[in-house]
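Asks: The following file, structure.cif, comprises mmCIF, C-alpha atoms:
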data_run
#
loop_
_atom_site.label_atom_id
_atom_site.label_comp_id
_atom_site.auth_asym_id
_atom_site.auth_seq_id
_atom_site.Cartn_x
_atom_site.Cartn_y
_atom_site.Cartn_z
CA MET T 1362 -16.76 -29.99 8.63
CA ILE T 1363 -14.53 -32.27 6.54
CA PHE T 1364 -13.14 -30.78 3.33
CA PRO T 1365 -11.69 -32.49 0.22
CA SER T 1366 -7.94 -32.94 -0.19
CA VAL T 1367 -5.76 -31.06 -2.69
CA ASN T 1368 -5.82 -34.10 -5.00
CA ASN T 1369 -9.63 -34.20 -4.85
CA TYR T 1370 -9.81 -30.59 -6.06
CA ILE T 1371 -7.18 -31.31 -8.74
CA GLU T 1372 -9.35 -34.13 -10.07
CA SER T 1373 -12.24 -31.70 -10.52
CA LEU T 1374 -10.02 -29.20 -12.34
CA LEU T 1375 -8.63 -31.88 -14.66
CA SER T 1376 -12.19 -32.42 -15.93
CA PRO T 1377 -13.94 -29.10 -15.17
CA VAL T 1378 -16.96 -29.54 -17.47
CA GLY T 1379 -20.06 -30.03 -15.32
CA ARG T 1380 -18.12 -29.53 -12.08
CA PHE T 1381 -19.11 -25.87 -11.49
CA ARG T 1382 -22.57 -24.43 -10.80
CA THR T 1383 -22.09 -21.00 -12.40
CA LEU T 1384 -18.58 -20.85 -13.88
CA SER T 1385 -17.62 -22.17 -17.30
CA GLY T 1386 -14.58 -22.18 -19.56
CA ILE T 1387 -12.11 -22.81 -16.72
CA ILE T 1388 -8.57 -23.60 -17.85
CA PRO T 1389 -6.12 -24.37 -15.00
CA GLU T 1390 -2.47 -23.37 -15.29
CA ARG T 1391 -0.48 -26.59 -15.67
CA ARG T 1392 3.04 -27.72 -14.93
CA SER T 1393 5.17 -29.50 -17.51
CA PHE T 1394 3.79 -32.86 -16.37
CA GLU T 1395 0.24 -31.65 -17.08
CA TYR T 1396 -1.10 -31.44 -13.51
CA PRO T 1397 -2.71 -28.14 -12.44
CA VAL T 1398 -0.49 -25.81 -10.44
CA ALA T 1399 -1.55 -25.96 -6.76
CA ILE T 1400 -0.25 -23.56 -4.09
CA ASN T 1401 -0.91 -25.07 -0.65
CA TYR T 1402 -1.26 -22.71 2.35
CA ASN T 1403 -2.10 -25.39 4.95
CA ASP T 1404 -5.81 -24.52 5.37
CA VAL T 1405 -6.48 -23.41 1.77
CA VAL T 1406 -5.15 -24.26 -1.68
CA ASP T 1407 -4.91 -21.81 -4.60
CA PHE T 1408 -5.13 -22.75 -8.27
CA PRO T 1409 -4.07 -20.20 -10.95
CA VAL T 1410 -6.70 -20.45 -13.70
CA THR T 1411 -8.08 -18.60 -16.70
CA ILE T 1412 -11.87 -18.21 -16.81
CA GLU T 1413 -13.76 -17.50 -20.00
CA GLY T 1414 -15.04 -13.93 -20.01
CA THR T 1415 -13.10 -13.05 -16.84
CA GLY T 1416 -9.42 -13.65 -17.57
CA MET T 1417 -6.64 -14.68 -15.21
CA CYS T 1418 -7.83 -15.54 -11.69
CA THR T 1419 -6.85 -17.48 -8.62
CA LEU T 1420 -9.35 -20.10 -7.54
CA ARG T 1421 -9.15 -20.71 -3.78
CA CYS T 1422 -10.49 -23.89 -2.16
CA LYS T 1423 -10.73 -24.83 1.52
CA LEU T 1424 -8.82 -27.75 3.09
CA LYS T 1425 -9.79 -27.34 6.74
CA GLY T 1426 -11.27 -24.92 9.26
CA GLU T 1427 -14.10 -22.49 8.60
CA PRO T 1428 -15.95 -22.58 5.23
CA LEU T 1429 -15.03 -19.83 2.75
CA ASN T 1430 -18.64 -18.59 2.70
CA ASN T 1431 -18.25 -16.79 6.04
CA ILE T 1432 -19.17 -13.30 7.22
CA ARG T 1433 -15.62 -11.92 6.99
CA ASN T 1434 -15.10 -13.10 3.40
CA ILE T 1435 -18.57 -11.97 2.31
CA THR T 1436 -18.09 -8.52 3.87
CA THR T 1437 -14.63 -8.18 2.29
CA ALA T 1438 -15.94 -9.21 -1.15
CA LYS T 1439 -18.87 -6.78 -0.93
CA TYR T 1440 -16.62 -3.90 0.15
CA ILE T 1441 -14.17 -4.50 -2.72
CA GLY T 1442 -17.02 -4.89 -5.22
CA ASP T 1443 -18.75 -1.70 -4.05
CA HIS T 1444 -15.65 0.51 -4.03
CA LYS T 1445 -13.34 -0.90 -6.74
CA PHE T 1446 -10.22 0.82 -5.41
CA PRO T 1447 -7.34 0.41 -7.91
CA PHE T 1448 -5.05 -1.04 -5.21
CA LEU T 1449 -7.50 -3.88 -4.47
CA LEU T 1450 -7.94 -6.88 -6.75
CA ASP T 1451 -11.43 -8.16 -7.52
CA TYR T 1452 -12.60 -10.73 -4.95
CA LYS T 1453 -15.74 -12.88 -5.03
CA VAL T 1454 -17.16 -15.64 -2.82
CA LEU T 1455 -19.08 -18.37 -4.66
CA PRO T 1456 -20.90 -20.66 -2.18
CA GLU T 1457 -21.27 -24.36 -3.04
CA GLU T 1458 -19.72 -23.81 -6.47
CA ILE T 1459 -17.36 -26.74 -7.17
CA LEU T 1460 -18.44 -30.39 -7.27
CA VAL T 1461 -15.75 -32.63 -5.76
CA PHE T 1462 -15.58 -36.43 -5.46
CA THR T 1463 -13.69 -37.78 -2.45
CA ALA T 1464 -11.70 -41.02 -2.24
CA ASN T 1465 -14.69 -43.01 -0.92
CA GLY T 1466 -16.79 -42.07 -3.94
CA GLN T 1467 -18.99 -39.51 -2.19
CA SER T 1468 -19.49 -36.08 -3.76
CA ASP T 1469 -20.62 -32.66 -2.65
CA TYR T 1470 -20.44 -28.99 -3.64
CA TYR T 1471 -17.95 -26.74 -1.85
CA ASP T 1472 -17.35 -23.00 -1.58
CA ILE T 1473 -14.65 -21.27 -3.60
CA VAL T 1474 -13.21 -17.77 -3.72
CA ILE T 1475 -12.26 -16.19 -7.05
CA MET T 1476 -9.50 -13.55 -6.87
CA GLU T 1477 -8.35 -11.39 -9.77
CA ARG T 1478 -4.85 -12.27 -10.96
CA THR T 1479 -2.86 -9.50 -12.58
CA ASP T 1480 0.28 -9.50 -14.69
CA ALA T 1481 2.56 -8.37 -11.89
CA GLU T 1482 5.49 -9.37 -9.69
CA THR T 1483 5.67 -9.46 -5.92
CA LEU T 1484 7.45 -6.53 -4.29
CA ASP T 1485 10.20 -8.70 -2.79
CA ARG T 1486 11.21 -9.97 -6.23
CA VAL T 1487 11.06 -6.49 -7.75
CA ILE T 1488 13.30 -5.12 -4.99
CA LEU T 1489 15.85 -7.89 -5.50
CA LYS T 1490 15.98 -7.32 -9.26
CA LEU T 1491 16.33 -3.54 -8.97
CA SER T 1492 18.96 -3.85 -6.22
CA VAL T 1493 21.12 -6.27 -8.21
CA LYS T 1494 21.00 -3.83 -11.15
CA ASN T 1495 21.64 -0.89 -8.80
CA ASP T 1496 18.62 0.76 -10.44
CA ILE T 1497 18.16 3.68 -8.00
CA GLU T 1498 15.60 5.41 -10.21
CA GLY T 1499 13.56 2.20 -10.29
CA LEU T 1500 13.74 1.86 -6.50
CA TYR T 1501 12.46 5.40 -5.99
CA SER T 1502 9.66 4.70 -8.48
CA ILE T 1503 8.57 1.78 -6.27
CA ILE T 1504 8.81 4.03 -3.19
CA SER T 1505 6.38 6.40 -4.93
CA SER T 1506 4.04 3.47 -5.61
CA LEU T 1507 4.09 2.45 -1.94
CA GLU T 1508 3.32 6.02 -0.85
CA GLU T 1509 0.36 5.97 -3.24
CA LEU T 1510 -0.81 2.68 -1.70
CA HIS T 1511 -0.45 4.23 1.77
CA ARG T 1512 -2.69 7.14 0.74
CA GLY T 1513 -5.29 4.79 -0.68
CA LEU T 1514 -5.50 2.66 2.47
CA ALA T 1515 -5.56 5.72 4.71
CA SER T 1516 -8.68 6.95 2.92
CA CYS T 1517 -10.74 3.75 3.23
CA ASP T 1518 -11.92 1.23 5.81
CA PHE T 1519 -10.38 -1.85 4.20
CA ARG T 1520 -7.56 -3.56 6.12
CA HIS T 1521 -5.35 -6.33 4.78
CA ASN T 1522 -3.87 -7.40 8.15
CA ASN T 1523 -0.96 -9.34 6.67
CA ILE T 1524 1.12 -6.79 4.77
CA LYS T 1525 4.67 -7.76 3.81
CA PRO T 1526 6.66 -7.51 0.56
CA SER T 1527 5.38 -10.84 -0.78
CA LYS T 1528 1.76 -9.65 -0.38
CA ILE T 1529 2.27 -6.47 -2.42
CA LEU T 1530 2.24 -6.72 -6.21
CA ILE T 1531 3.90 -4.24 -8.57
CA THR T 1532 2.18 -4.05 -11.95
CA GLY T 1533 3.77 -3.23 -15.28
CA SER T 1534 2.68 0.40 -14.83
CA LYS T 1535 4.48 0.46 -11.43
CA GLN T 1536 1.23 0.51 -9.44
CA ALA T 1537 1.25 -1.22 -6.03
CA VAL T 1538 -1.74 -3.48 -5.34
CA LEU T 1539 -2.49 -5.80 -2.44
CA ASP T 1540 -2.65 -9.56 -2.93
CA ASP T 1541 -4.15 -12.40 -0.85
CA TYR T 1542 -7.02 -11.32 1.40
CA SER T 1543 -6.92 -14.31 3.75
CA TYR T 1544 -6.84 -12.07 6.84
CA ALA T 1545 -8.55 -9.03 5.35
CA CYS T 1546 -11.63 -7.34 6.71
CA ALA T 1547 -13.64 -4.24 5.97
CA GLU T 1548 -14.60 -1.47 8.39
CA ASN T 1549 -11.57 -1.96 10.64
CA ARG T 1550 -9.24 1.02 10.93
CA ASN T 1551 -7.26 -0.31 13.90
CA SER T 1552 -4.80 -2.66 12.18
CA SER T 1553 -1.09 -2.06 11.52
CA ASP T 1554 -1.44 -1.78 7.72
CA LEU T 1555 -0.37 1.86 7.39
CA TYR T 1556 2.53 1.41 9.80
CA ASP T 1557 3.68 -1.72 7.93
CA ILE T 1558 3.62 0.02 4.54
CA GLN T 1559 5.56 2.95 5.99
CA THR T 1560 8.09 0.51 7.46
CA ILE T 1561 8.59 -1.22 4.09
CA THR T 1562 8.96 2.20 2.44
CA ASP T 1563 11.64 3.24 4.96
CA PHE T 1564 13.33 -0.13 4.43
CA LEU T 1565 13.38 0.48 0.67
CA ARG T 1566 14.82 3.98 1.16
CA MET T 1567 17.74 2.43 3.08
CA ILE T 1568 18.42 0.19 0.08
CA ALA T 1569 18.13 3.09 -2.39
CA ASP T 1570 20.50 5.18 -0.23
CA ASN T 1571 23.07 2.32 -0.19
CA ARG T 1572 22.73 1.87 3.56
CA LEU T 1573 21.59 -1.73 3.11
CA SER T 1574 22.90 -4.29 0.60
CA VAL T 1575 21.11 -7.14 -1.16
CA GLU T 1576 23.01 -9.67 0.95
CA GLN T 1577 21.87 -7.99 4.16
CA PHE T 1578 18.15 -8.15 3.47
CA SER T 1579 17.54 -11.05 1.07
CA ASP T 1580 17.21 -13.62 3.89
CA PHE T 1581 14.54 -11.73 5.83
CA ILE T 1582 12.77 -9.55 3.29
CA ASN T 1583 9.34 -10.98 4.20
CA ASP T 1584 9.90 -11.04 7.97
CA MET T 1585 8.25 -7.79 9.08
CA SER T 1586 9.37 -8.06 12.71
CA HIS T 1587 12.98 -8.53 11.56
CA ILE T 1588 12.73 -5.57 9.18
CA LYS T 1589 11.41 -3.30 11.94
CA LYS T 1590 14.18 -4.33 14.34
CA TYR T 1591 16.84 -3.96 11.66
CA ILE T 1592 15.78 -0.46 10.65
CA SER T 1593 15.72 0.63 14.27
CA SER T 1594 19.18 -0.83 15.00
CA GLN T 1595 20.85 0.58 11.87
CA GLN T 1596 20.00 4.26 12.29
CA LYS T 1597 23.25 6.24 12.16
CA LYS T 1598 24.73 7.96 15.16
CA THR T 1599 26.39 11.15 14.02
CA VAL T 1600 28.82 13.65 15.49
CA TYR T 1601 27.35 17.08 14.93
CA GLY T 1602 29.83 19.78 13.98
CA GLY T 1603 29.33 23.13 15.65
CA ILE T 1604 27.35 21.82 18.64
CA SER T 1605 29.28 22.44 21.80
CA SER T 1606 26.56 22.59 24.44
CA HIS T 1607 26.98 19.93 27.16
CA ASN T 1608 23.17 19.64 27.22
CA ILE T 1609 23.15 18.05 23.73
CA VAL T 1610 23.70 14.30 23.31
CA SER T 1611 23.32 12.00 20.29
CA GLU T 1612 20.54 9.45 19.79
CA PRO T 1613 19.49 7.48 16.69
CA PHE T 1614 16.18 8.55 15.17
CA SER T 1615 13.76 6.38 13.21
CA GLY T 1616 11.66 8.40 10.79
CA TYR T 1617 8.69 6.05 10.93
CA GLN T 1618 8.58 5.86 14.73
CA ARG T 1619 5.41 7.30 16.28
CA ASN T 1620 6.40 7.71 19.92
CA SER T 1621 4.51 10.26 21.99
CA GLN T 1622 5.62 9.12 25.42
CA LYS T 1623 6.54 12.11 27.56
CA HIS T 1624 9.46 11.96 30.00
CA ASN T 1625 11.79 14.44 31.66
CA GLU T 1626 15.53 14.17 30.98
CA ASN T 1627 16.72 17.22 32.96
CA ASN T 1628 15.80 19.41 29.97
CA LYS T 1629 18.64 17.98 27.87
CA ILE T 1630 18.42 18.22 24.10
CA LEU T 1631 18.97 14.91 22.32
CA CYS T 1632 20.09 15.01 18.67
CA CYS T 1633 18.09 12.47 16.74
CA GLY T 1634 19.34 12.63 13.16
CA GLU T 1635 21.75 14.05 10.64
CA PHE T 1636 21.66 17.70 9.62
CA LYS T 1637 19.41 18.19 6.62
CA GLU T 1638 19.24 21.63 5.01
CA GLY T 1639 21.03 23.14 8.01
CA LEU T 1640 18.74 21.74 10.71
CA ALA T 1641 18.67 18.51 12.74
CA ILE T 1642 15.82 16.72 14.46
CA ALA T 1643 16.18 16.96 18.23
CA LYS T 1644 14.18 15.95 21.30
CA ARG T 1645 13.66 17.58 24.68
CA ASN T 1646 11.49 16.21 27.47
CA GLY T 1647 10.01 13.64 25.08
CA LEU T 1648 8.94 16.12 22.39
CA TYR T 1649 10.56 16.81 19.01
CA GLY T 1650 11.72 19.99 17.29
CA PHE T 1651 14.69 21.20 15.22
CA ILE T 1652 18.02 22.81 16.13
CA SER T 1653 20.70 24.67 14.18
CA GLY T 1654 24.38 23.72 13.98
CA SER T 1655 25.09 25.87 17.04
CA GLY T 1656 22.44 24.07 19.08
CA GLN T 1657 19.89 26.89 18.89
CA GLU T 1658 16.22 25.90 18.98
CA ILE T 1659 14.68 26.82 15.60
CA VAL T 1660 11.45 24.79 15.51
CA PRO T 1661 9.96 24.50 19.02
CA PHE T 1662 9.89 21.18 20.93
CA ILE T 1663 6.13 20.66 20.81
CA TYR T 1664 5.71 17.74 18.39
CA ASP T 1665 5.20 14.00 19.02
CA TRP T 1666 6.89 13.15 15.71
CA VAL T 1667 8.66 15.01 12.90
CA SER T 1668 10.23 14.15 9.55
CA ASP T 1669 13.47 15.55 8.12
CA PHE T 1670 13.28 18.75 6.08
CA GLU T 1671 13.01 18.28 2.33
CA GLU T 1672 13.07 21.35 0.09
CA GLY T 1673 12.39 23.60 3.09
CA LEU T 1674 9.40 21.75 4.57
CA ALA T 1675 8.92 19.00 7.20
CA VAL T 1676 5.90 16.95 8.27
CA VAL T 1677 5.04 17.17 11.99
CA LYS T 1678 2.56 15.43 14.26
CA ILE T 1679 0.74 16.26 17.50
CA ALA T 1680 -1.31 13.42 19.01
CA GLU T 1681 -3.03 11.91 15.93
CA SER T 1682 -2.97 15.02 13.73
CA TYR T 1683 -0.45 15.99 11.04
CA GLY T 1684 0.72 19.26 9.52
CA ILE T 1685 3.77 20.84 7.83
CA VAL T 1686 6.25 23.46 9.08
CA ASP T 1687 8.86 25.52 7.27
CA LYS T 1688 12.45 26.15 8.44
CA SER T 1689 11.40 29.11 10.55
CA GLY T 1690 8.95 26.95 12.50
CA ARG T 1691 5.87 28.46 10.85
CA GLU T 1692 3.04 25.98 10.28
CA VAL T 1693 2.50 26.13 6.52
CA VAL T 1694 -0.19 23.45 6.87
CA PRO T 1695 -1.97 23.46 10.25
CA VAL T 1696 -1.64 20.34 12.40
CA ILE T 1697 -5.24 19.20 12.00
CA TYR T 1698 -5.19 16.41 9.40
CA GLU T 1699 -5.65 12.64 9.78
CA ASP T 1700 -2.82 11.92 7.33
CA ILE T 1701 -0.50 13.89 5.10
CA CYS T 1702 1.93 13.02 2.30
CA TRP T 1703 3.59 14.33 -0.83
CA SER T 1704 3.15 13.70 -4.53
CA ALA T 1705 6.14 11.92 -6.08
CA ASP T 1706 7.59 15.17 -7.44
CA ASN T 1707 6.99 17.05 -4.12
CA ARG T 1708 4.87 19.66 -5.92
CA LEU T 1709 1.60 18.81 -4.17
CA ILE T 1710 0.61 18.03 -0.59
CA TYR T 1711 -2.12 15.42 -0.04
CA VAL T 1712 -4.08 15.95 3.21
CA LEU T 1713 -6.80 13.67 4.63
CA SER T 1714 -9.74 15.05 6.60
CA ASN T 1715 -12.93 13.10 7.40
CA GLN T 1716 -11.68 10.37 5.02
CA LYS T 1717 -11.57 12.84 2.10
CA TRP T 1718 -8.37 13.86 0.31
CA ARG T 1719 -7.66 17.50 -0.49
CA LEU T 1720 -4.74 18.76 -2.61
CA LEU T 1721 -2.63 21.72 -1.46
CA ASP T 1722 0.29 23.51 -3.07
CA ARG T 1723 3.63 23.96 -1.28
CA SER T 1724 2.43 27.20 0.31
CA GLY T 1725 -0.46 25.35 1.95
CA LYS T 1726 -3.14 26.84 -0.30
CA ASN T 1727 -5.84 24.73 -1.97
CA ALA T 1728 -4.64 23.51 -5.36
CA THR T 1729 -8.23 22.61 -6.31
CA ARG T 1730 -11.66 23.17 -4.82
CA TYR T 1731 -12.52 19.47 -5.17
CA VAL T 1732 -12.12 16.77 -2.53
CA PHE T 1733 -11.74 13.07 -3.36
CA ASP T 1734 -12.19 9.66 -1.79
CA TYR T 1735 -8.89 8.58 -3.35
CA VAL T 1736 -6.06 10.28 -5.23
CA GLY T 1737 -3.28 8.37 -6.98
CA ASP T 1738 0.11 9.59 -8.15
CA PHE T 1739 0.89 10.97 -11.58
CA HIS T 1740 1.53 8.69 -14.54
CA ASN T 1741 2.05 10.40 -17.87
CA ASP T 1742 0.83 13.77 -16.45
CA ARG T 1743 -2.47 12.32 -15.22
CA THR T 1744 -3.52 10.87 -11.88
CA ILE T 1745 -6.54 8.78 -10.94
CA VAL T 1746 -9.17 10.31 -8.65
CA TYR T 1747 -12.12 8.53 -7.06
CA LYS T 1748 -15.27 10.47 -6.20
CA THR T 1749 -18.88 9.35 -5.55
CA LYS T 1750 -17.93 5.75 -6.42
CA LYS T 1751 -16.64 6.68 -9.89
CA TYR T 1752 -13.16 7.25 -11.34
CA GLY T 1753 -11.74 10.10 -13.37
CA PHE T 1754 -8.42 11.92 -13.91
CA ILE T 1755 -6.85 15.27 -13.05
CA ASP T 1756 -3.78 16.88 -14.61
CA ARG T 1757 -0.72 18.34 -12.86
CA ASP T 1758 -2.56 21.66 -12.44
CA CYS T 1759 -5.23 19.73 -10.47
CA LYS T 1760 -7.86 20.40 -13.10
CA ILE T 1761 -10.37 17.65 -13.81
CA VAL T 1762 -9.57 16.71 -17.41
CA ILE T 1763 -11.58 13.48 -17.45
CA PRO T 1764 -14.71 13.53 -15.25
CA ALA T 1765 -15.35 10.78 -12.68
CA ILE T 1766 -17.78 8.68 -14.73
CA TYR T 1767 -15.97 5.32 -14.95
CA ASP T 1768 -16.47 2.17 -12.85
CA ASN T 1769 -12.79 1.25 -13.09
CA VAL T 1770 -9.66 2.69 -14.70
CA SER T 1771 -5.96 1.95 -15.09
CA PRO T 1772 -3.11 4.51 -14.98
CA PHE T 1773 -2.07 6.01 -18.32
CA GLY T 1774 0.71 3.94 -19.85
CA SER T 1775 3.67 5.00 -21.96
CA ASN T 1776 1.40 4.80 -25.03
CA GLY T 1777 -0.75 7.58 -23.55
CA LEU T 1778 -3.80 5.34 -23.12
CA SER T 1779 -5.84 4.14 -20.14
CA LYS T 1780 -8.09 1.08 -20.03
CA VAL T 1781 -11.43 2.05 -18.48
CA GLU T 1782 -14.68 0.30 -17.66
CA LYS T 1783 -18.13 1.87 -17.89
CA ASN T 1784 -21.42 0.02 -17.52
CA GLY T 1785 -19.66 -3.29 -18.20
CA ARG T 1786 -17.91 -2.07 -21.37
CA ILE T 1787 -14.11 -2.01 -21.60
CA LEU T 1788 -12.74 0.99 -23.50
CA HIS T 1789 -9.42 2.72 -24.13
CA ILE T 1790 -9.19 6.49 -23.78
CA ASP T 1791 -6.49 9.07 -24.42
CA LYS T 1792 -5.34 11.72 -21.93
CA ASN T 1793 -8.19 14.03 -22.93
CA GLY T 1794 -10.86 11.37 -22.43
CA ASN T 1795 -11.38 10.60 -26.11
CA THR T 1796 -12.27 6.98 -26.91
CA VAL T 1797 -9.63 5.32 -29.07
#
Could the structure of this file be written out as structure tokens, please?

Replies:
Amino acid sequence: MIFPSVNNYIESLLSPVGRFRTLSGIIPERRSFEYPVAINYNDVVDFPVTIEGTGMCTLRCKLKGEPLNNIRNITTAKYIGDHKFPFLLDYKVLPEEILVFTANGQSDYYDIVIMERTDAETLDRVILKLSVKNDIEGLYSIISSLEELHRGLASCDFRHNNIKPSKILITGSKQAVLDDYSYACAENRNSSDLYDIQTITDFLRMIADNRLSVEQFSDFINDMSHIKKYISSQQKKTVYGGISSHNIVSEPFSGYQRNSQKHNENNKILCCGEFKEGLAIAKRNGLYGFISGSGQEIVPFIYDWVSDFEEGLAVVKIAESYGIVDKSGREVVPVIYEDICWSADNRLIYVLSNQKWRLLDRSGKNATRYVFDYVGDFHNDRTIVYKTKKYGFIDRDCKIVIPAIYDNVSPFGSNGLSKVEKNGRILHIDKNGNTV
């Protein structure tokens, strides 16, 4: 199939009246010389536009290859429309929507995709700005947003398949959302999305901890393979005071690495990280545990992966299941969950089982009897929850303060208000659910 050129589509946008089957009131974003802004991606071209009744959008047109009205795009659009996760932008496929005249005078209707466009910046630009200002608090706020995005993706079947800093947007309320669904698909849990987000998060921690400067990462911030290699190569080798056993050697450890390969190394203990809270990650015969400064085994070597201790607790993994241990080696949270992570303030533990999120306190006890399809992080003492295809809010005591009755919601801003949608109506509510 032969598609129009970029200039052919521009001609339609310059005079949009009568050129669209269903859309109206389209105003393209223009450059100073009055031509519509066009972002060319080789096989597609994107036009930032404003649509009457819809707001800011990106209008995507095809230049070559498969038509936009294909099974993958339709499935992706339906999944996003049915679930309305806050980390996914609205996405619609409109078949045979735009009328385009080609250079030889012939005309035809072509498919377009309409993507929601939010007032946000790409993650790579946000990181650069915060790094130049040495805004450590801001960097850790973004880390929290990425962890929230990780939880959201872990609890659903949507996969982006092209995650890198330029494809993640940070909104004004510091929420991380995914942009550009060119390679996305629904009902595919076998992509590298979760690993890539964790890698970017670890990368950002290195910047926040002053282990990586702006100059070191600015040239390859969107090269995921380079980022992964760099993180692996820059892990610190440390001399461990107090360890005198000849069976202990030093090895760099990468916190995001998920390596369960078993091998025998004459029962030697390999130190894999710095001492944190009196204990260090170590490895023996391919399995991880923790040792004291004297080399004594404290947490047994039975895990395929472990994190450092933070405030007395560490995440551990056996096969594909996660749990949490304390500094005595006791499993505070049993190793049975599909995923596990912390709230930004480390007060709550989020655990995933059968694609449902449950909230635990630091002792491993249920913080609420409810389970959710999605749980966000706290903004202004409220966090978004998603249950039975509706949104609501819980407070820091995990009590439902605003029931899940809304089709879409935004986090509470500094003004104490959230923009919500219910049955097509846009409203603003306060932290108790009262309409303002």

Asks: I want to know what sits within 8 Å of Phe1651 of chain T, based on only C-alpha atoms, with residues of the same chain fewer than 5 positions away left out; could you give that as a list of chain:residue names?

Replies: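 What passes the distance filter is T:Leu1640, T:Ala1641, T:Ile1642, T:Ala1643, T:Glu1658, T:Ile1659, T:Val1660, T:Pro1661, T:Phe1662.
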
Asks: Please evaluate the PyMOL selection byres ((chain T and resi 1644) around 6) against the displayed coordinates and give the resulting residues as an NGL selection string.

Replies: :T and (1630-1631 or 1643 or 1645 or 1648-1649)

Asks: Let me see the file: selected residues, C-alpha atoms, as a JSON list (two decimals), keeping the file's coordinate frame.

Replies:
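Below is the file part06.json, written as the result:
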[["chain", "number", "residue", "atom", "x", "y", "z"],
["T", 1630, "ILE", "CA", 18.42, 18.22, 24.10],
["T", 1631, "LEU", "CA", 18.97, 14.91, 22.32],
["T", 1643, "ALA", "CA", 16.18, 16.96, 18.23],
["T", 1645, "ARG", "CA", 13.66, 17.58, 24.68],
["T", 1648, "LEU", "CA", 8.94, 16.12, 22.39],
["T", 1649, "TYR", "CA", 10.56, 16.81, 19.01]]

Asks: If you measure from atom CA of Asn1727 of chain T to atom CA of Ser1714 of chain T, what distance in Å do you get, rounded to one decimal?

Replies: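 Taking atom CA of Asn1727 of chain T as the start and atom CA of Ser1714 of chain T as the end point, the length is 13.5 Å.
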
Asks: What does the structure give for the distance between atom CA of Tyr1440 of chain T and atom CA of Glu1413 of chain T, in Å to one decimal?

Replies: 24.5 Å

Asks: Given the choices T:Thr1729, T:Ser1534, T:Ser1682, T:Thr1383, which gets closest to Lys1780 of chain T if the distance is worked out from only C-alpha atoms?

Replies: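 Of the candidates, the smallest distance to Lys1780 of chain T is held by T:Ser1534.
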
Asks: Go through T:Ile1582, T:Met1476, T:Ile1504, T:Val1770 one by one, measure the shortest atom-to-atom distance of each to Ile1787 of chain T using only C-alpha atoms, and give the residue with the smallest value.

Replies: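 Distance minimum relative to Ile1787 of chain T lands on T:Val1770.
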
Asks: Starting from the PyMOL selection byres ((chain T and resi 1416-1431) around 7), expand the selection into actual residues of this file and give them as an MDAnalysis selection string.

Replies: chainID T and resid 1363:1366 1404:1415 1432:1435 1454 1456 1472:1479

Asks: Specify as a VMD selection string each residue included when the PyMOL selection byres ((chain T and resi 1760-1768) around 12) is applied to this file.

Replies: chain T and resid 1442 to 1447 1720 1728 to 1736 1742 to 1759 1769 to 1771 1779 to 1796

Asks: Excluding Ile1561 of chain T and its own-chain neighbours fewer than 2 positions away, which residues fall within 8 Å of it when counting only C-alpha atoms? Please give them as a ChimeraX atom specification.

Replies: /T:1525-1526,1557-1559,1563-1565,1588

Asks: List the spatial neighbours of Glu1458 of chain T as a list in words - criterion: any atom at most 6 Å away, all atoms listed in the file, same-chain residues fewer than 6 positions off excluded.

Replies: Phe1381, Arg1382, Tyr1470, Tyr1471 and Asp1472 of chain T

Asks: In terms of the shortest atom-to-atom distance over all atoms listed in the file, which of T:Lys1678, T:Arg1566, T:Lys1453, T:Lys1439 is closest to Gly1499 of chain T?

Replies: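 Of T:Lys1678, T:Arg1566, T:Lys1453, T:Lys1439, the one nearest Gly1499 of chain T is T:Arg1566, counting all atoms listed in the file.
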
Asks: One decimal, in Å: what's the spacing between atom CA of Val1398 of chain T and atom CA of Ala1438 of chain T?

Replies: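 Answer for the atom CA of Val1398 of chain T to atom CA of Ala1438 of chain T separation: 24.5 Å.
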
Asks: For segment 1398-1401 of chain T, take all atoms listed in the file, fit an axis-aligned box around them, add 6 Å to each of the six sides, then output centre and edge lengths in Å rounded to one decimal, as AutoDock Vina command-line options.

Replies:
--center_x -0.9 --center_y -24.8 --center_z -5.5 --size_x 13.3 --size_y 14.4 --size_z 21.8

Asks: For a quick check of understanding, using all atoms listed in the file, which of T:Asn1401, T:Asp1518, T:Asn1715, T:Val1461 has the smallest distance to Ser1376 of chain T?

Replies: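 Looking only at the distances to Ser1376 of chain T, the closest residue turns out to be T:Val1461.
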
Asks: Using only C-alpha atoms, determine which residues lie at most 7 Å from segment 1535-1541 of chain T, disregarding the query and same-chain residues fewer than 4 positions distant; provide the list as a ChimeraX atom specification.

Replies: /T:1448-1449,1503,1506-1507,1510,1528-1531

Asks: I need the residue nearest Gly1647 of chain T from this list: T:Ile1387, T:Ala1705, T:Cys1633, T:Met1567. Use only C-alpha atoms for the distance.

Replies: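 Among the listed residues, the smallest separation from Gly1647 of chain T belongs to T:Cys1633.
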
Asks: Taking 2 positions as the minimum chain separation for residues in the same chain, which residues sit within 7 Å of Asp1485 of chain T when counting all atoms listed in the file? Answer as a list in words.

Replies: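 Final neighbour list, sorted by chain and number: Thr1483, Val1487, Ile1488, Leu1489, Pro1526, Ser1527 and Ile1582 of chain T.
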